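File shown: run-v5.pdb (PDB, C-alpha atoms).
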```
ATOM      1  CA  MET A 179       0.000   0.000   0.000
ATOM      2  CA  PRO A 180       1.385   3.409  -0.892
ATOM      3  CA  LYS A 181       2.523   5.653   1.977
ATOM      4  CA  ALA A 182       0.131   8.361   0.817
ATOM      5  CA  ASP A 183      -2.831   6.019   1.325
ATOM      6  CA  ILE A 184      -1.666   5.121   4.833
ATOM      7  CA  ALA A 185      -1.127   8.787   5.677
ATOM      8  CA  GLY A 186      -4.534   9.634   4.214
ATOM      9  CA  ASN A 187      -6.088   7.149   6.621
ATOM     10  CA  GLY A 188      -4.467   8.870   9.612
ATOM     11  CA  TYR A 189      -1.749   6.201   9.874
ATOM     12  CA  ASP A 190      -4.381   3.692  10.976
ATOM     13  CA  LEU A 191      -2.664   0.334  10.509
ATOM     14  CA  SER A 192      -5.478  -1.871  11.797
ATOM     15  CA  ILE A 193      -6.041  -4.879   9.538
ATOM     16  CA  ASN A 194      -9.775  -4.212   9.243
ATOM     17  CA  ARG A 195      -8.988  -0.917   7.589
ATOM     18  CA  TYR A 196      -7.226  -2.568   4.654
ATOM     19  CA  LYS A 197      -8.555  -6.093   4.466
ATOM     20  CA  GLU A 198     -11.754  -6.615   2.545
ATOM     21  CA  VAL A 199     -14.299  -8.492   4.658
ATOM     22  CA  VAL A 200     -16.150 -11.159   2.709
ATOM     23  CA  HIS A 201     -19.468 -12.300   4.110
ATOM     24  CA  GLU A 202     -20.810 -15.671   3.107
ATOM     25  CA  ALA A 203     -24.509 -16.067   2.488
ATOM     26  CA  THR A 204     -26.124 -18.335   5.056
ATOM     27  CA  GLU A 205     -29.364 -20.155   4.517
ATOM     28  CA  HIS A 206     -31.595 -20.678   7.517
ATOM     29  CA  LEU A 207     -34.546 -22.957   8.027
ATOM     30  CA  PRO A 208     -37.974 -21.339   7.995
ATOM     31  CA  PRO A 209     -39.084 -20.224  11.494
ATOM     32  CA  LYS A 210     -41.774 -22.918  11.691
ATOM     33  CA  GLU A 211     -39.168 -25.631  11.038
ATOM     34  CA  ILE A 212     -36.912 -24.177  13.717
ATOM     35  CA  LEU A 213     -39.806 -24.181  16.183
ATOM     36  CA  LYS A 214     -40.565 -27.825  15.365
ATOM     37  CA  LYS A 215     -36.956 -28.788  16.033
ATOM     38  CA  LEU A 216     -36.972 -26.837  19.285
ATOM     39  CA  ALA A 217     -40.155 -28.614  20.375
ATOM     40  CA  VAL A 218     -38.520 -32.005  19.780
ATOM     41  CA  LEU A 219     -35.425 -30.961  21.715
ATOM     42  CA  GLU A 220     -37.551 -29.626  24.567
ATOM     43  CA  ALA A 221     -39.469 -32.905  24.761
ATOM     44  CA  GLU A 222     -36.162 -34.805  24.929
ATOM     45  CA  ILE A 223     -34.921 -32.511  27.700
ATOM     46  CA  GLN A 224     -38.129 -32.940  29.677
ATOM     47  CA  ALA A 225     -37.981 -36.731  29.325
ATOM     48  CA  GLY A 226     -34.367 -36.730  30.476
ATOM     49  CA  MET A 227     -35.194 -34.556  33.463
ATOM     50  CA  LYS A 228     -38.056 -36.849  34.447
ATOM     51  CA  THR A 229     -35.756 -39.875  34.262
ATOM     52  CA  LEU A 230     -33.152 -38.074  36.360
ATOM     53  CA  GLU A 231     -35.761 -37.076  38.953
ATOM     54  CA  GLU A 232     -36.937 -40.695  39.174
ATOM     55  CA  LEU A 233     -33.358 -41.911  39.642
ATOM     56  CA  LEU A 234     -32.720 -39.345  42.354
ATOM     57  CA  ALA A 235     -35.965 -40.207  44.137
ATOM     58  CA  THR A 236     -34.914 -43.842  44.522
ATOM     59  CA  HIS A 237     -31.536 -43.015  46.063
TER      60      HIS A 237
END
```

Output the file's structure as structure tokens, nothing else.
Amino acid sequence: MPKADIAGNGYDLSINRYKEVVHEATEHLPPKEILKKLAVLEAEIQAGMKTLEELLATH
């Protein structure tokens, strides 16, 4: 990079100033699909907690 460009940027040498940031496109599931997956996970968590409570109650 030419000195004039660095001077013109107030001698800011931070990498973000000179490196081009490339953002990748990310595809997400539709909100309803996410909610369905969360519901399944929540049911699994609840079942696991119930099993744990039963195990603790017997000891």

Practice prompt. Tell me, in Å to one decimal, how far CA of Pro208 (chain A) is from CA of Glu222 (chain A).
Written response: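 So the two atoms, CA of Pro208 (chain A) and CA of Glu222 (chain A), lie 21.7 Å apart.
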
Practice prompt. Between CA of Gly226 (chain A) and CA of Lys214 (chain A), measure the distance and give it in Å to one decimal.
Written response: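 Atom-to-atom, CA of Gly226 (chain A) and CA of Lys214 (chain A) are spaced 18.6 Å apart.
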
Discussion item. I'd like the interatomic distance between CA of Leu207 (chain A) and CA of Leu219 (chain A), to a tenth of an Å.
Written reply: 15.9 Å

Using the incomplete input, complete region 181-214 of chain A to the level of N, CA and C atoms; output as a CSV table (one decimal), in the frame of the given file.
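Once written, part.csv looks like this:
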```csv
chain,number,residue,atom,x,y,z
A,181,LYS,N,2.4,4.9,0.8
A,181,LYS,CA,2.5,5.7,2.0
A,181,LYS,C,1.4,6.7,2.0
A,182,ALA,N,1.1,7.3,0.9
A,182,ALA,CA,0.1,8.4,0.8
A,182,ALA,C,-1.2,7.8,1.3
A,183,ASP,N,-1.6,6.6,0.9
A,183,ASP,CA,-2.8,6.0,1.3
A,183,ASP,C,-2.9,5.8,2.8
A,184,ILE,N,-1.7,5.3,3.4
A,184,ILE,CA,-1.7,5.1,4.8
A,184,ILE,C,-1.8,6.5,5.6
A,185,ALA,N,-1.1,7.5,5.1
A,185,ALA,CA,-1.1,8.8,5.7
A,185,ALA,C,-2.5,9.4,5.6
A,186,GLY,N,-3.2,9.1,4.4
A,186,GLY,CA,-4.5,9.6,4.2
A,186,GLY,C,-5.5,9.0,5.2
A,187,ASN,N,-5.2,7.8,5.7
A,187,ASN,CA,-6.1,7.1,6.6
A,187,ASN,C,-5.7,7.4,8.1
A,188,GLY,N,-4.9,8.5,8.3
A,188,GLY,CA,-4.5,8.9,9.6
A,188,GLY,C,-3.5,7.9,10.2
A,189,TYR,N,-2.7,7.2,9.4
A,189,TYR,CA,-1.7,6.2,9.9
A,189,TYR,C,-2.4,5.1,10.7
A,190,ASP,N,-3.7,4.8,10.3
A,190,ASP,CA,-4.4,3.7,11.0
A,190,ASP,C,-3.9,2.4,10.3
A,191,LEU,N,-3.2,1.6,11.1
A,191,LEU,CA,-2.7,0.3,10.5
A,191,LEU,C,-3.5,-0.9,10.9
A,192,SER,N,-4.7,-0.7,11.4
A,192,SER,CA,-5.5,-1.9,11.8
A,192,SER,C,-5.9,-2.7,10.6
A,193,ILE,N,-5.8,-4.0,10.7
A,193,ILE,CA,-6.0,-4.9,9.5
A,193,ILE,C,-7.4,-4.7,8.9
A,194,ASN,N,-8.4,-4.4,9.8
A,194,ASN,CA,-9.8,-4.2,9.2
A,194,ASN,C,-9.9,-3.0,8.3
A,195,ARG,N,-9.0,-2.1,8.4
A,195,ARG,CA,-9.0,-0.9,7.6
A,195,ARG,C,-8.6,-1.3,6.2
A,196,TYR,N,-7.8,-2.3,6.0
A,196,TYR,CA,-7.2,-2.6,4.7
A,196,TYR,C,-7.6,-3.9,4.1
A,197,LYS,N,-8.1,-4.8,4.9
A,197,LYS,CA,-8.6,-6.1,4.5
A,197,LYS,C,-10.0,-6.1,4.1
A,198,GLU,N,-10.4,-6.6,3.0
A,198,GLU,CA,-11.8,-6.6,2.5
A,198,GLU,C,-12.4,-7.8,3.3
A,199,VAL,N,-13.6,-7.5,3.9
A,199,VAL,CA,-14.3,-8.5,4.7
A,199,VAL,C,-15.3,-9.1,3.7
A,200,VAL,N,-15.2,-10.4,3.6
A,200,VAL,CA,-16.2,-11.2,2.7
A,200,VAL,C,-17.1,-11.9,3.6
A,201,HIS,N,-18.4,-11.6,3.4
A,201,HIS,CA,-19.5,-12.3,4.1
A,201,HIS,C,-20.1,-13.4,3.2
A,202,GLU,N,-20.2,-14.6,3.8
A,202,GLU,CA,-20.8,-15.7,3.1
A,202,GLU,C,-22.3,-15.7,3.4
A,203,ALA,N,-23.1,-16.0,2.3
A,203,ALA,CA,-24.5,-16.1,2.5
A,203,ALA,C,-24.8,-17.3,3.3
A,204,THR,N,-25.7,-17.2,4.2
A,204,THR,CA,-26.1,-18.3,5.1
A,204,THR,C,-27.6,-18.6,4.9
A,205,GLU,N,-27.9,-19.8,4.6
A,205,GLU,CA,-29.4,-20.2,4.5
A,205,GLU,C,-29.8,-20.7,5.8
A,206,HIS,N,-31.0,-20.2,6.3
A,206,HIS,CA,-31.6,-20.7,7.5
A,206,HIS,C,-32.9,-21.4,7.2
A,207,LEU,N,-33.3,-22.3,8.1
A,207,LEU,CA,-34.5,-23.0,8.0
A,207,LEU,C,-35.7,-21.9,8.3
A,208,PRO,N,-36.8,-22.2,7.7
A,208,PRO,CA,-38.0,-21.3,8.0
A,208,PRO,C,-38.3,-21.4,9.5
A,209,PRO,N,-38.8,-20.3,10.1
A,209,PRO,CA,-39.1,-20.2,11.5
A,209,PRO,C,-39.9,-21.4,12.0
A,210,LYS,N,-40.9,-21.8,11.2
A,210,LYS,CA,-41.8,-22.9,11.7
A,210,LYS,C,-41.0,-24.2,11.8
A,211,GLU,N,-40.0,-24.4,10.9
A,211,GLU,CA,-39.2,-25.6,11.0
A,211,GLU,C,-38.3,-25.5,12.3
A,212,ILE,N,-37.7,-24.4,12.5
A,212,ILE,CA,-36.9,-24.2,13.7
A,212,ILE,C,-37.7,-24.5,15.0
A,213,LEU,N,-39.0,-24.0,15.0
A,213,LEU,CA,-39.8,-24.2,16.2
A,213,LEU,C,-40.1,-25.7,16.4
A,214,LYS,N,-40.3,-26.4,15.3
A,214,LYS,CA,-40.6,-27.8,15.4
A,214,LYS,C,-39.4,-28.5,16.0
```
